[in-house]
Amino acid sequence: MFHFVPLIALFASCAVGQPPGQSSDAAPPELILKHAIELHQKGDLAGAVDEYRAYLKLRPNALDARSNLGAALARRGRYEDAIAEYQQALAIDRHNPGVIMNLGLAYYKTGRYTEATGQLASAHSLQPANNQVTMLLADAHLRLGNNTKVIELLRPLEKANQQDLGVAYMLGTALIRENQPAQGRILVERILKNGDSAEARMLLGATKLQAGDFAGARDDLQKATELNPQLPDVFSAYGSALLATGDTVAASAAFRKELDVNPNDFMSYLDLGVLEKQDQRYDEAMKKFRRAMELRPGDIGVRYQIATIYVLTGDVSAAQRELEAIIKDSPQFTEAHVSLATVYYRLKRKEDGDRERAIVQKLNADAQAREPGARTQP
Amino acid sequence: MQLNRRKLLALLTGAAASPLLPATPPLFEEIPASQSGISWTHDNALSPSRFLPETMGPGVAFLDYDNDGWMDIFLVNSGPSDFFTPPKPLRNALYKNNRDGTFTDVTEKAGVGFGSFGMGCAVGDYNNDGFPDIFVTAYGRPILYKNNCDGTFTDVSEKVGLGAKIFENHWSTSAVWFDFDGDGRLDLFVCSFVAYGKDGLLSCGDNKLGVHFYCIPRVFKGTASLLFHNNGDGTFTEVGQGTDIAKSLGKSLGVVATDINNDGRMDLFVANDTVQNFLFVNRGPDATGKTRWEEMALAAEVGFSENGQARSGMGVDAADVDGDGWQDLFVANVDQEMFSLYKNNHNETFTDVAHQNQIAQATRLLSGWGLKFFDYDNDGFLDLFLANGHPDDMIENYSLQVKYKEPLVLFHNEAGKFVNVTATAGPAFTRNFPARGLAVGDFDNDGRVDVLIGNNGGAPLLLRNRTGQSNHWLGVKLVGTKANRDAVGAHLTWSAGGVKRARLKNNGGSYLSSHDPREVIGIGAASKLDYLEIRWPAPSGRVERFTDLPIDRYITIEEGKGLSK
């Protein structure tokens, strides 16, 4: 959907360069750059990278060449190297919107959505009319679960781009996740007007999942996986529906498929980790949670899952440290209080355990009081 | 290679095509109503409103109401309530054992047929007269039926302090008789489920099909369970007030009386639905003589799931399943929550070992109610029987994996480790049931403990234990004299073939149900019992050792008097 953009295109005025693989330290710098760009455009990324590097040895502050090197590296999947090059490029010109956008995209590709949103928000403020930046920023927010941000970003775009199904899809997803199914449904219908599609099925499935119609959600999401197995989140959502219907084996397989096509999917890592934890495969679960944590740094749910593994494996001091930090950040997190009480009791700190237990009782009593209440039959 | 029965059955099953092999008898054989004479069926009062009590029953019991040495059967039914007027009278049923595998309905003569919307029952000899009495729990007024020792019963609830008023705000479910203060008399703990019906007839609202349904009872408020002290004069006094029992608002469905810390005092493990389970540890009398109860499920790590969440606890039991001399605990939950087997760590904490025993995996999609630890093959190890069924009769509209009717599950204990033997247990285990209560008892006195299951809205299921005759056993009826007559809390130790084993006579367990009070001691291939030692519960504390006991038959041991004739 989104592409790294080389900042400089082929220089028409440049002289014909040497053939690929024959660049020379003796060649004039501009010829090396021209050759690098030619290779880049032909798709010889390895050659292009070599030539860009050769050029940058001679012209280390050449912003465009540095950025192009980043783009070539990114296209080769070497995102961390690309990020380093983009960061060097920004050291030369920290307001260059193209480099900021590419750095944001590199972060996005590596699943570092928090960093991605930082860069893309800068790019968006520099280029508010650039729909590609807006869409990418919204997508990164969607992956972080910042649904209100997505709605804020895409609402204005949606009005002017009624036919853009990508906007409708992302906005619809955010609205459904934010418990606004009626608004979401309007967008689903817009997508459906264009015929059956993975996106439409995905949104329908998400709506049903949110509404607790797990079997219905599973059917729509299964269809979505058949229509477009490459659609981001499609197997993750399908896995969630399978999980809700009790089919943990199929759910686990779906999450793994999601990670095959979308190796940065937070929910798949989290849900797989939970399933592995249930099966007492704690090492495997911990790896999944660690990866999920990289994707959403500080996510309280993942931190809690990690803490429970510490509890289950008897690493009480690590559990205590993590749980105390969690309830400091989220004092109403009942389950964390339960686990922390358990830890204190294990440590023979009865008073602390009792204090946490009292908090648990209070939180549970408050939750019971908040229940809508059983309705009286007519 | 030594083949145990399970391995042999597995081999036989694998070679089922061979015409030369004999038919494999099931571990448990269903006894149809046409054979047993038990024609009673449970009426769940199913209505479009899906009032929650409809899906909760029924409980069942094995008891020897006429003291003839043969287990009779009691079955609890629904009845009139504020949301249900039966179109025709509904009644509980008491079936007398004819000693030939058949039963005769004696309900009318016994006078135990009618009540309110019945749930379950707890059987115990509260007045130490040698005849079991029946406490019937209910949505509505529970009833204590005093056994008149002549085949009839009298409703003494109001007279003895267990009347309608004290249960006014309580929907009673499981109950257990036990002697918490060691005075030689059985006291009564009654589980109280949610606050329901007081301010009108309640439903959970509509499900996604747009109709009323039996929901997870999270929306209903919890209530405190009740503890009644047996005053020794035929009356009871509620003594939970002022203790952790009254302070603990639960939605209690299952209870077992056991001793989790080997201090000689009976504790209570209570399963709660959507709130944490309770572990009421009996700390003995305070300075005023009042028993102190410490609710410590969280500290003991039996209150919540490993994710810190309260689950939907229903059936419970306790037993020393690994032979380490300490009582382990079990709780069944609803689908996706998995059941827990809590191993006793000997320090008032427990570790959930359900996964290591295949139990968590086997129960992921099940909702468990009646359950019991017992040694079905008399090899000396306590096995586990689970009866299951989803509470929501419309569940299949939302889930293809979870069914309303669910299979029975049987685990064989192989030297302290459970192995799922359901696949080889017999045809009854290939069927699905809306099971609720489960009781164990040896109705044919063959030393192999049988199973009775109450099905919601259907006929009960009677399963005869058909396990092989190769293992030996001794059935023991204990009669306390100074201790409570049912000897609840007695500690049995025995040795056979050089193997020493022990058992605490717990009471309660399962869901809404009551069990054969006799202990069947399996001694495997040993041809004699070296000794049997009884430590009688307080106030007795007497220890008696018996040798030269017979095997493969039932005996009665009376405290201080030895074997009865």
# chains A, B, ... in the order shown; residues from 1 in each chain; ligands from 1
call {"tool": "residues_around", "arguments": {"residues": "Lys223 of chain A", "least_positions_apart": "5", "cutoff": "12 Å", "atoms": "only C-alpha atoms", "output": "count of residues only"}}
result
20
call {"tool": "residues_around", "arguments": {"residues": "Pro48 of chain B", "least_positions_apart": "6", "cutoff": "9 Å", "atoms": "only C-alpha atoms", "output": "ChimeraX atom specification"}}
result
/B:211-213
call {"tool": "write_last_selection", "arguments": {"atoms": "C-alpha atoms", "output": "compact mmCIF listing (two decimals), in the first residue's frame"}}
result
# COMPACT_ATOMS: atom_id res chain seq x y z
CA VAL B 211 -34.60 -13.91 23.23
CA HIS B 212 -34.16 -14.48 26.94
CA PHE B 213 -31.39 -16.87 27.88
call {"tool": "interface_residues", "arguments": {"of": "chain B", "to": "chain A", "cutoff": "9 Å", "atoms": "only C-alpha atoms", "output": "PyMOL selection string"}}
result
chain B and resi 49+197+199-205+208+218-222+275+298-301+304+306-309+335-336+349+355-356+360-361+364-365+397-402
call {"tool": "write_last_selection", "arguments": {"atoms": "C-alpha atoms", "output": "PDB file, in the first residue's frame"}}
result
ATOM      1  CA  SER B  49     -38.322 -16.351  29.980  1.00  0.00           C
ATOM      2  CA  GLY B 197     -36.461 -12.891  42.717  1.00  0.00           C
ATOM      3  CA  ASP B 199     -37.584  -7.611  43.865  1.00  0.00           C
ATOM      4  CA  GLY B 200     -39.324  -9.222  40.968  1.00  0.00           C
ATOM      5  CA  LEU B 201     -38.754 -11.987  38.512  1.00  0.00           C
ATOM      6  CA  LEU B 202     -35.412 -11.515  36.943  1.00  0.00           C
ATOM      7  CA  SER B 203     -33.866 -12.393  33.661  1.00  0.00           C
ATOM      8  CA  CYS B 204     -30.489 -11.670  32.199  1.00  0.00           C
ATOM      9  CA  GLY B 205     -31.984  -9.777  29.288  1.00  0.00           C
ATOM     10  CA  LYS B 208     -27.963 -12.084  20.386  1.00  0.00           C
ATOM     11  CA  ARG B 218     -22.489 -11.713  36.616  1.00  0.00           C
ATOM     12  CA  VAL B 219     -25.407  -9.297  36.610  1.00  0.00           C
ATOM     13  CA  PHE B 220     -26.899 -10.730  39.789  1.00  0.00           C
ATOM     14  CA  LYS B 221     -25.644  -9.729  43.204  1.00  0.00           C
ATOM     15  CA  GLY B 222     -23.879 -12.193  45.438  1.00  0.00           C
ATOM     16  CA  VAL B 275     -16.751 -14.329  41.892  1.00  0.00           C
ATOM     17  CA  LEU B 298      -6.503 -15.778  47.467  1.00  0.00           C
ATOM     18  CA  ALA B 299      -3.538 -16.452  49.734  1.00  0.00           C
ATOM     19  CA  ALA B 300      -3.985 -20.180  49.166  1.00  0.00           C
ATOM     20  CA  GLU B 301      -4.105 -19.565  45.395  1.00  0.00           C
ATOM     21  CA  PHE B 304      -8.839 -17.014  41.044  1.00  0.00           C
ATOM     22  CA  GLU B 306      -3.806 -17.808  36.951  1.00  0.00           C
ATOM     23  CA  ASN B 307      -4.853 -14.625  35.146  1.00  0.00           C
ATOM     24  CA  GLY B 308      -6.231 -13.167  38.343  1.00  0.00           C
ATOM     25  CA  GLN B 309      -9.815 -13.626  37.219  1.00  0.00           C
ATOM     26  CA  ASP B 335     -16.000 -23.706  28.952  1.00  0.00           C
ATOM     27  CA  GLN B 336     -12.822 -21.827  28.087  1.00  0.00           C
ATOM     28  CA  THR B 349      -1.247 -22.953  49.616  1.00  0.00           C
ATOM     29  CA  HIS B 355      -2.427 -29.199  32.966  1.00  0.00           C
ATOM     30  CA  GLN B 356       0.180 -31.762  34.018  1.00  0.00           C
ATOM     31  CA  ALA B 360      -7.058 -28.620  31.725  1.00  0.00           C
ATOM     32  CA  GLN B 361      -6.749 -29.712  28.123  1.00  0.00           C
ATOM     33  CA  ARG B 364     -11.343 -26.542  27.859  1.00  0.00           C
ATOM     34  CA  LEU B 365     -14.704 -26.807  26.091  1.00  0.00           C
ATOM     35  CA  ASN B 397     -26.276 -20.829  18.262  1.00  0.00           C
ATOM     36  CA  TYR B 398     -23.153 -18.896  19.166  1.00  0.00           C
ATOM     37  CA  SER B 399     -20.522 -21.572  19.284  1.00  0.00           C
ATOM     38  CA  LEU B 400     -19.907 -24.584  17.127  1.00  0.00           C
ATOM     39  CA  GLN B 401     -17.360 -25.936  19.558  1.00  0.00           C
ATOM     40  CA  VAL B 402     -19.337 -25.751  22.773  1.00  0.00           C
TER      41      VAL B 402
END
call {"tool": "residues_around", "arguments": {"residues": "Gly69 of chain B", "least_positions_apart": "6", "cutoff": "10 Å", "atoms": "only C-alpha atoms", "output": "PyMOL selection string"}}
result
chain B and resi 63+97+99+443+445+477+554+556
call {"tool": "atom_distance", "arguments": {"atom1": "atom CA of Asp383 of chain B", "atom2": "atom CA of Gly182 of chain B"}}
result
29.6 Å
call {"tool": "residues_around", "arguments": {"residues": "Asn147 of chain A", "least_positions_apart": "3", "cutoff": "6 Å", "atoms": "only C-alpha atoms", "output": "ChimeraX atom specification"}}
result
/A:142,150,174
call {"tool": "atom_distance", "arguments": {"atom1": "atom CA of Leu384 of chain B", "atom2": "atom CA of Asp320 of chain B"}}
result
11.9 Å
call {"tool": "residues_around", "arguments": {"residues": "Thr481 of chain B", "least_positions_apart": "6", "cutoff": "10 Å", "atoms": "only C-alpha atoms", "output": "list in words"}}
result
Asn128, Gly184, Ala487, Trp536, Ser540, Glu558, Glu559, Gly560 and Lys561 of chain B
call {"tool": "closest_residue", "arguments": {"among": "A:Leu126, A:Gly77, A:Ser67, A:Ala121", "to": "Ala89 of chain A", "atoms": "only C-alpha atoms"}}
result
A:Ser67
call {"tool": "residues_around", "arguments": {"residues": "Met135 of chain A", "least_positions_apart": "2", "cutoff": "12 Å", "atoms": "only C-alpha atoms", "output": "PyMOL selection string"}}
result
chain A and resi 1-2+101+105+117+120-121+123-124+128-133+137-142+149-158+161+164-171
call {"tool": "write_last_selection", "arguments": {"atoms": "N, CA and C atoms", "output": "tab-separated table (two decimals), in the first residue's frame"}}
result
chain	number	residue	atom	x	y	z
A	1	MET	N	0.83	-1.20	0.00
A	1	MET	CA	0.00	0.00	0.00
A	1	MET	C	0.87	1.26	0.00
A	2	PHE	N	1.89	1.22	0.85
A	2	PHE	CA	2.77	2.40	0.92
A	2	PHE	C	4.16	2.02	0.44
A	101	MET	N	9.00	11.09	6.21
A	101	MET	CA	8.00	10.10	5.79
A	101	MET	C	8.63	8.71	5.63
A	105	LEU	N	7.92	5.36	7.64
A	105	LEU	CA	7.52	4.13	6.96
A	105	LEU	C	8.43	2.96	7.35
A	117	THR	N	4.52	6.56	14.42
A	117	THR	CA	3.53	7.64	14.56
A	117	THR	C	4.23	8.96	14.87
A	120	LEU	N	5.61	10.10	11.47
A	120	LEU	CA	4.53	10.37	10.51
A	120	LEU	C	3.68	11.57	10.94
A	121	ALA	N	3.57	11.75	12.25
A	121	ALA	CA	2.84	12.94	12.73
A	121	ALA	C	3.61	14.20	12.31
A	123	ALA	N	5.59	14.40	9.67
A	123	ALA	CA	5.38	14.51	8.23
A	123	ALA	C	3.99	15.07	7.93
A	124	HIS	N	3.02	14.62	8.72
A	124	HIS	CA	1.64	15.07	8.51
A	124	HIS	C	1.50	16.57	8.79
A	128	PRO	N	0.02	18.49	5.50
A	128	PRO	CA	-1.32	18.03	5.90
A	128	PRO	C	-2.19	17.58	4.73
A	129	ALA	N	-1.86	18.02	3.54
A	129	ALA	CA	-2.69	17.63	2.39
A	129	ALA	C	-2.21	16.33	1.75
A	130	ASN	N	-1.13	15.81	2.25
A	130	ASN	CA	-0.61	14.56	1.67
A	130	ASN	C	-1.40	13.37	2.23
A	131	ASN	N	-2.30	12.88	1.40
A	131	ASN	CA	-3.19	11.80	1.87
A	131	ASN	C	-2.44	10.52	2.21
A	132	GLN	N	-1.35	10.30	1.49
A	132	GLN	CA	-0.60	9.07	1.76
A	132	GLN	C	-0.03	9.10	3.19
A	133	VAL	N	0.47	10.29	3.58
A	133	VAL	CA	1.01	10.41	4.94
A	133	VAL	C	-0.12	10.23	5.96
A	137	LEU	N	-0.23	7.32	8.71
A	137	LEU	CA	-0.28	7.68	10.13
A	137	LEU	C	-1.51	7.03	10.78
A	138	ALA	N	-2.64	7.09	10.09
A	138	ALA	CA	-3.86	6.48	10.63
A	138	ALA	C	-3.68	4.98	10.80
A	139	ASP	N	-3.06	4.38	9.82
A	139	ASP	CA	-2.83	2.92	9.88
A	139	ASP	C	-1.96	2.56	11.08
A	140	ALA	N	-0.90	3.36	11.29
A	140	ALA	CA	-0.03	3.09	12.44
A	140	ALA	C	-0.80	3.24	13.76
A	141	HIS	N	-1.61	4.28	13.83
A	141	HIS	CA	-2.44	4.46	15.03
A	141	HIS	C	-3.41	3.29	15.21
A	142	LEU	N	-3.97	2.82	14.11
A	142	LEU	CA	-4.90	1.69	14.19
A	142	LEU	C	-4.20	0.46	14.78
A	149	LYS	N	-7.65	8.43	17.54
A	149	LYS	CA	-6.73	9.17	16.65
A	149	LYS	C	-7.07	8.86	15.19
A	150	VAL	N	-7.36	7.59	14.91
A	150	VAL	CA	-7.70	7.19	13.55
A	150	VAL	C	-8.94	7.94	13.09
A	151	ILE	N	-9.91	7.97	13.97
A	151	ILE	CA	-11.17	8.64	13.62
A	151	ILE	C	-10.92	10.14	13.37
A	152	GLU	N	-10.12	10.75	14.25
A	152	GLU	CA	-9.77	12.17	14.08
A	152	GLU	C	-9.11	12.43	12.73
A	153	LEU	N	-8.18	11.56	12.36
A	153	LEU	CA	-7.43	11.76	11.12
A	153	LEU	C	-8.27	11.51	9.88
A	154	LEU	N	-9.12	10.47	9.94
A	154	LEU	CA	-9.78	10.04	8.71
A	154	LEU	C	-11.17	10.63	8.49
A	155	ARG	N	-11.78	11.13	9.54
A	155	ARG	CA	-13.10	11.74	9.35
A	155	ARG	C	-13.07	12.81	8.28
A	156	PRO	N	-12.11	13.79	8.36
A	156	PRO	CA	-12.09	14.83	7.31
A	156	PRO	C	-11.79	14.25	5.94
A	157	LEU	N	-10.92	13.25	5.92
A	157	LEU	CA	-10.52	12.65	4.65
A	157	LEU	C	-11.70	11.91	4.01
A	158	GLU	N	-12.48	11.27	4.85
A	158	GLU	CA	-13.58	10.43	4.37
A	158	GLU	C	-14.63	11.28	3.64
A	161	ASN	N	-13.38	11.95	0.27
A	161	ASN	CA	-12.96	10.77	-0.50
A	161	ASN	C	-13.94	9.62	-0.30
A	164	ASP	N	-13.02	6.26	-1.64
A	164	ASP	CA	-11.77	5.62	-1.21
A	164	ASP	C	-12.08	4.52	-0.19
A	165	LEU	N	-12.01	3.31	-0.68
A	165	LEU	CA	-12.39	2.19	0.19
A	165	LEU	C	-11.37	1.94	1.30
A	166	GLY	N	-10.13	2.36	1.03
A	166	GLY	CA	-9.11	2.23	2.07
A	166	GLY	C	-9.45	3.09	3.27
A	167	VAL	N	-9.86	4.31	3.00
A	167	VAL	CA	-10.27	5.21	4.09
A	167	VAL	C	-11.49	4.62	4.80
A	168	ALA	N	-12.45	4.19	4.00
A	168	ALA	CA	-13.68	3.61	4.59
A	168	ALA	C	-13.33	2.41	5.47
A	169	TYR	N	-12.43	1.61	5.01
A	169	TYR	CA	-12.06	0.40	5.74
A	169	TYR	C	-11.41	0.73	7.08
A	170	MET	N	-10.43	1.61	7.04
A	170	MET	CA	-9.72	1.94	8.29
A	170	MET	C	-10.63	2.67	9.27
A	171	LEU	N	-11.36	3.63	8.74
A	171	LEU	CA	-12.26	4.39	9.61
A	171	LEU	C	-13.35	3.46	10.18
call {"tool": "select_by_dssp", "arguments": {"residues": "segment 343-519 of chain B", "states": "alpha helix (DSSP H)", "output": "list of chain:residue names"}}
result
B:Ile359, B:Ala360, B:Gln361, B:Ala362
call {"tool": "atom_distance", "arguments": {"atom1": "atom CA of Ala246 of chain B", "atom2": "atom CA of Phe278 of chain B"}}
result
11.8 Å
call {"tool": "residues_around", "arguments": {"residues": "His390 of chain B", "least_positions_apart": "4", "cutoff": "7 Å", "atoms": "only C-alpha atoms", "output": "MDAnalysis selection string"}}
result
chainID B and resid 367 403:405
call {"tool": "write_last_selection", "arguments": {"atoms": "C-alpha atoms", "output": "PDB file, in the first residue's frame"}}
result
ATOM      1  CA  SER B 367     -18.787 -26.865  31.782  1.00  0.00           C
ATOM      2  CA  LYS B 403     -22.451 -27.874  23.091  1.00  0.00           C
ATOM      3  CA  TYR B 404     -25.391 -27.767  25.465  1.00  0.00           C
ATOM      4  CA  LYS B 405     -25.194 -31.471  26.155  1.00  0.00           C
TER       5      LYS B 405
END
call {"tool": "select_by_dssp", "arguments": {"residues": "segment 215-380 of chain B", "states": "strand (DSSP E)", "output": "number ranges by chain"}}
result
B: 223-224, 226-230, 236-238, 249-250, 252-258, 267-272, 278-285, 291-295, 316-319, 328-331, 340-344, 350-352, 368-374
